[in-house]
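Asker: Okay, here's the structure, questions in a sec.
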Amino acid sequence: MADFDIVVRGGTVATASDITVCDVGVKDGRITALGASLGPGAREIDAGGKYVLPGGIDSHVHIEQKASVGEGVLAADDFYTGTRSAAFGGNTTIIPFAAQYKGQSLRQVVQDYHELAGPKAVIDYAFHLIVSDPSEQVLGQELPALIKDGYTSFKVYMTYDSLQLDDYQMLQVMEVARREGAMMMVHAENYDVIRWLTNKLTAKGHTEPRYHAISHARLAEGEATNRAIHLAELIDVPVLIVHVSEQRAMERILWARNRAMRVYGETCPQYLFLTADDLDRPGTEGAKFCCSPPPRDAESQEAVWRGLQNGTFQVFSSDHAPYRYDETGKLAHGPNPSFKQIPNGLPGIELRMPLLFSEGVLKGRIDLNRFVELTSTNAAKLYGLYPRKGTIAVGADADFAIWDPEETRTVTWDILHDNVGYTPYEGREITGWPVLVASRGRIVVEDGELNAERGSGDFLRCALPEPARPLEQPVPEMDPASNFGAHLLD
Ligand code: DUC
Ligand code: ZN
Ligand code: ZN
């Protein structure tokens, strides 16, 4: 008689804090024991020489979402292909967006995304909200009610015609986030700087993809990040600055963190492995690399690596926002679109962790604990899924991936499992791959095959984010003059 449904034997088990060689016992979808020489399992898996890591949580992905640029264009992956691809990349949870466009009811948007995800997802998922229309109804009723229902994080945009909030609206949504205890994610780029540069460039006939990077100036990101942080300081509310690409924005995040503000940072593979030169590939191929913020330069890549090492960033997500390189996606406005008509976003859901493992862990830039923290644990904590998700511990969901640190593959799109038709990382050699992935004790990926039914992923209600951890280092005193006394709001 087996003691466990599954025993994973002899792997090197790593969490955000520990590394131990031990067995992992799984029963009824949960981890029920960690130890040496556990009793028999109905299924025995030998993980000798391999790493057993918490399943990745890709906490920034756009699935079946309409593009914010390029009217009517839909992201290339649906909840089946998106979660399938995520699973092959070592993930067991994704957090996509339920995206409101102006005029829409947030409640209705959430229901619509549930109808899309429920029948298709093969791994677990929660939802962030995107709030683009902070009407009285949204701020007064829908948003607070949804936060209480388990949608405890939402994203706002400081740019894009269809999504942008002005500073007054930012303060209004921050006030709700503060009152309800939600986590607010900010796309920080200066709308008017981008609009002005775009108009100047296109008026001169500069419409090729490479001008996308020029129009989304680094300064626009640094300025908006600074502004978002100051608005958050005024209200005294946590904010997470998403998809950070460059030094100026990083410096502002670090400045805030050094003052004990609850300001968090996220970055993504495109800021480590791509540059603006990729947007200048021949013909319109640069369209494949148009995302916002855009990839920058070698110096920014180095800065982003440092930010992963020094704690500027807490989260490494993919920002998977995939569009096919054809008339359904990047080229929806014809074979030679102006950069301002090209849907913004890149695929990355499957390669996020292998890229960071290969270039980060195996090249000695970050250690295995930090890898786990950046790709799984911190997202679980910030978005209210910990400790059910994001760790390997007794009582947690049996969400893990077994990684072979010696396996090397050369990336081509056809080894991936998305529906995008290209990968920005074509030709890269990656060492270290997840070879078996378990979601709630179901082995969903093994021997290169998916063993999960459509719709077998569960929706996860998120708790409110964890309160900030006590600081490890003394910090300068907060300047009392910089905050008018947010407690008067309560
Ligand atoms: N913001 C995102 O978060 N993803 C894709 C495009 C964008 O602007
Ligand atoms: Zn964004
Ligand atoms: Zn995104």
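Residue numbers start at 1 in each chain; chains themselves are named A, B, ... in the order of the structure tokens; ligands are numbered from 1 in the order shown.
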Please identify every polymer residue within 8 Å of ligand 2, using only C-alpha atoms and all ligand atoms, and present the set as a list in words.
Answerer: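 These are the residues that qualify: Tyr157, Val186, His187, Ala188, Val242, His243, Ser292, Pro293 and Asp319 of chain A.
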Asker: Could you turn the residues from that selection into a file that holds C-alpha atoms, as a JSON list (two decimals), in the first residue's frame?
Answerer:
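out_13.json, written as the output of this step:
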[["chain", "number", "residue", "atom", "x", "y", "z"],
["A", 157, "TYR", "CA", -1.67, 52.65, -17.41],
["A", 186, "VAL", "CA", 1.58, 50.62, -12.82],
["A", 187, "HIS", "CA", 2.58, 50.84, -16.47],
["A", 188, "ALA", "CA", 4.78, 53.88, -16.08],
["A", 242, "VAL", "CA", 5.80, 46.64, -13.99],
["A", 243, "HIS", "CA", 8.11, 45.82, -16.90],
["A", 292, "SER", "CA", 6.41, 48.89, -24.40],
["A", 293, "PRO", "CA", 8.64, 49.88, -22.81],
["A", 319, "ASP", "CA", 4.83, 40.13, -19.95]]
Asker: Against ligand 1, which residues of chain A fall within 10 Å? For each one I want the closest pair of atoms and the distance in Å (one decimal), counting only C-alpha atoms and all ligand atoms, rows by chain and increasing residue number, as a Markdown table.
Answerer:
| residue | atom | partner | partner_atom_place_in_ligand_line | distance |
| --- | --- | --- | --- | --- |
| A:His60 | CA | ligand 1 | 3 (O) | 7.3 |
| A:Val61 | CA | ligand 1 | 4 (N) | 7.6 |
| A:His62 | CA | ligand 1 | 4 (N) | 7.0 |
| A:Ala67 | CA | ligand 1 | 6 (C) | 7.8 |
| A:Ser68 | CA | ligand 1 | 8 (O) | 7.3 |
| A:Val69 | CA | ligand 1 | 8 (O) | 8.6 |
| A:Ala75 | CA | ligand 1 | 5 (C) | 9.9 |
| A:Phe97 | CA | ligand 1 | 3 (O) | 9.5 |
| A:Lys155 | CA | ligand 1 | 3 (O) | 8.7 |
| A:Val156 | CA | ligand 1 | 3 (O) | 9.6 |
| A:Tyr157 | CA | ligand 1 | 1 (N) | 8.1 |
| A:Met158 | CA | ligand 1 | 8 (O) | 9.9 |
| A:Thr159 | CA | ligand 1 | 8 (O) | 8.2 |
| A:Tyr160 | CA | ligand 1 | 8 (O) | 7.8 |
| A:Leu163 | CA | ligand 1 | 8 (O) | 9.8 |
| A:Met185 | CA | ligand 1 | 3 (O) | 9.7 |
| A:Val186 | CA | ligand 1 | 3 (O) | 8.9 |
| A:His187 | CA | ligand 1 | 1 (N) | 6.5 |
| A:Ala188 | CA | ligand 1 | 8 (O) | 9.4 |
| A:Glu189 | CA | ligand 1 | 8 (O) | 9.1 |
| A:Val242 | CA | ligand 1 | 3 (O) | 7.2 |
| A:His243 | CA | ligand 1 | 3 (O) | 6.8 |
| A:Cys290 | CA | ligand 1 | 6 (C) | 8.9 |
| A:Cys291 | CA | ligand 1 | 6 (C) | 5.6 |
| A:Ser292 | CA | ligand 1 | 8 (O) | 4.5 |
| A:Pro293 | CA | ligand 1 | 8 (O) | 6.7 |
| A:Pro294 | CA | ligand 1 | 8 (O) | 9.1 |
| A:Ser318 | CA | ligand 1 | 4 (N) | 9.3 |
| A:Asp319 | CA | ligand 1 | 4 (N) | 5.5 |
| A:His320 | CA | ligand 1 | 4 (N) | 7.2 |
| A:Ala321 | CA | ligand 1 | 5 (C) | 5.2 |
| A:Pro322 | CA | ligand 1 | 5 (C) | 8.5 |
| A:Pro343 | CA | ligand 1 | 6 (C) | 7.9 |
| A:Asn344 | CA | ligand 1 | 6 (C) | 4.8 |
| A:Gly345 | CA | ligand 1 | 5 (C) | 4.4 |
| A:Leu346 | CA | ligand 1 | 5 (C) | 7.3 |
| A:Pro347 | CA | ligand 1 | 5 (C) | 9.7 |
Asker: For atom CA of Leu231 of chain A and atom CA of Leu171 of chain A, quote the distance in Å rounded to one decimal.
Answerer: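 Atom CA of Leu171 of chain A lies 6.6 Å from atom CA of Leu231 of chain A.
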Asker: If you count only C-alpha atoms, which residues fall within 10 Å of segment 88-92 of chain A, apart from same-chain ones fewer than 5 positions away, as an mmCIF file with C-alpha atoms, in the first residue's frame?
Answerer:
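Once written, result_35.cif looks like this:
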data_model
loop_
_atom_site.group_PDB
_atom_site.id
_atom_site.type_symbol
_atom_site.label_atom_id
_atom_site.label_comp_id
_atom_site.auth_asym_id
_atom_site.auth_seq_id
_atom_site.Cartn_x
_atom_site.Cartn_y
_atom_site.Cartn_z
ATOM 1 C CA LEU A 53 11.722 23.841 -7.788
ATOM 2 C CA PRO A 54 8.378 25.448 -7.012
ATOM 3 C CA GLY A 55 6.262 25.774 -10.138
ATOM 4 C CA GLY A 56 6.757 29.137 -11.734
ATOM 5 C CA ILE A 57 4.166 31.840 -11.304
ATOM 6 C CA ASP A 58 4.086 34.039 -14.360
ATOM 7 C CA THR A 83 -1.301 27.732 -20.288
ATOM 8 C CA VAL A 122 -4.539 23.488 -18.101
ATOM 9 C CA ILE A 123 -2.819 25.043 -15.091
ATOM 10 C CA ASP A 124 -4.139 27.304 -12.335
ATOM 11 C CA TYR A 125 -4.802 30.982 -12.845
ATOM 12 C CA GLY A 348 7.934 34.853 -23.461
ATOM 13 C CA ILE A 349 5.755 32.645 -21.293
ATOM 14 C CA GLU A 350 7.667 29.432 -22.047
ATOM 15 C CA LEU A 351 11.210 30.788 -22.101
ATOM 16 C CA ARG A 352 11.058 33.189 -19.142
ATOM 17 C CA MET A 353 12.448 30.702 -16.643
ATOM 18 C CA PRO A 354 14.806 28.730 -18.892
ATOM 19 C CA LEU A 355 16.421 31.998 -20.031
ATOM 20 C CA THR A 375 10.100 33.548 -10.662
ATOM 21 C CA SER A 376 7.627 32.205 -8.124
ATOM 22 C CA LYS A 389 1.578 28.619 -4.181
ATOM 23 C CA GLY A 390 5.173 29.706 -4.629
ATOM 24 C CA ALA A 398 2.025 20.066 -5.164
ATOM 25 C CA ASP A 399 3.098 22.518 -7.854
ATOM 26 C CA PHE A 400 6.674 21.846 -8.843
ATOM 27 C CA ALA A 401 8.983 21.407 -11.785
ATOM 28 C CA ILE A 402 11.941 19.069 -12.048
ATOM 29 C CA TRP A 403 14.780 20.822 -13.824
ATOM 30 C CA LEU A 416 7.728 25.812 -28.142
ATOM 31 C CA HIS A 417 4.037 25.242 -27.443
ATOM 32 C CA ASP A 418 2.449 28.642 -27.991
ATOM 33 C CA TRP A 433 15.128 22.918 -18.748
ATOM 34 C CA PRO A 434 12.093 21.787 -16.808
ATOM 35 C CA VAL A 435 11.615 18.138 -17.758
ATOM 36 C CA LEU A 436 8.623 17.271 -15.582
ATOM 37 C CA VAL A 437 5.960 19.644 -14.298
ATOM 38 C CA ALA A 438 3.306 18.880 -11.688
ATOM 39 C CA SER A 439 0.270 21.023 -10.955
ATOM 40 C CA ARG A 440 -1.668 20.114 -7.785
ATOM 41 C CA VAL A 444 1.026 17.844 -16.598
ATOM 42 C CA VAL A 445 4.276 17.746 -18.569
ATOM 43 C CA GLU A 446 6.531 14.719 -18.887
ATOM 44 C CA GLY A 448 7.871 16.363 -23.836
ATOM 45 C CA GLU A 449 4.141 15.588 -23.694
ATOM 46 C CA LEU A 450 1.227 17.454 -22.176
ATOM 47 C CA GLY A 457 -6.704 24.384 -14.348
#
Asker: Going by DSSP on the backbone, which bits of segment 188-294 of chain A are strand (DSSP E)? Write them as JSON, numbers by chain, please.
Answerer: {"A": [239, 240, 241, 263, 264, 265, 266, 267]}
Asker: Return the single residue from A:Ala203, A:Ala260, A:Ala98, A:Ala380 that is closest to ligand 3, with distances computed using only C-alpha atoms and all ligand atoms.
Answerer: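 Among A:Ala203, A:Ala260, A:Ala98, A:Ala380, it is A:Ala98 that comes nearest to ligand 3.
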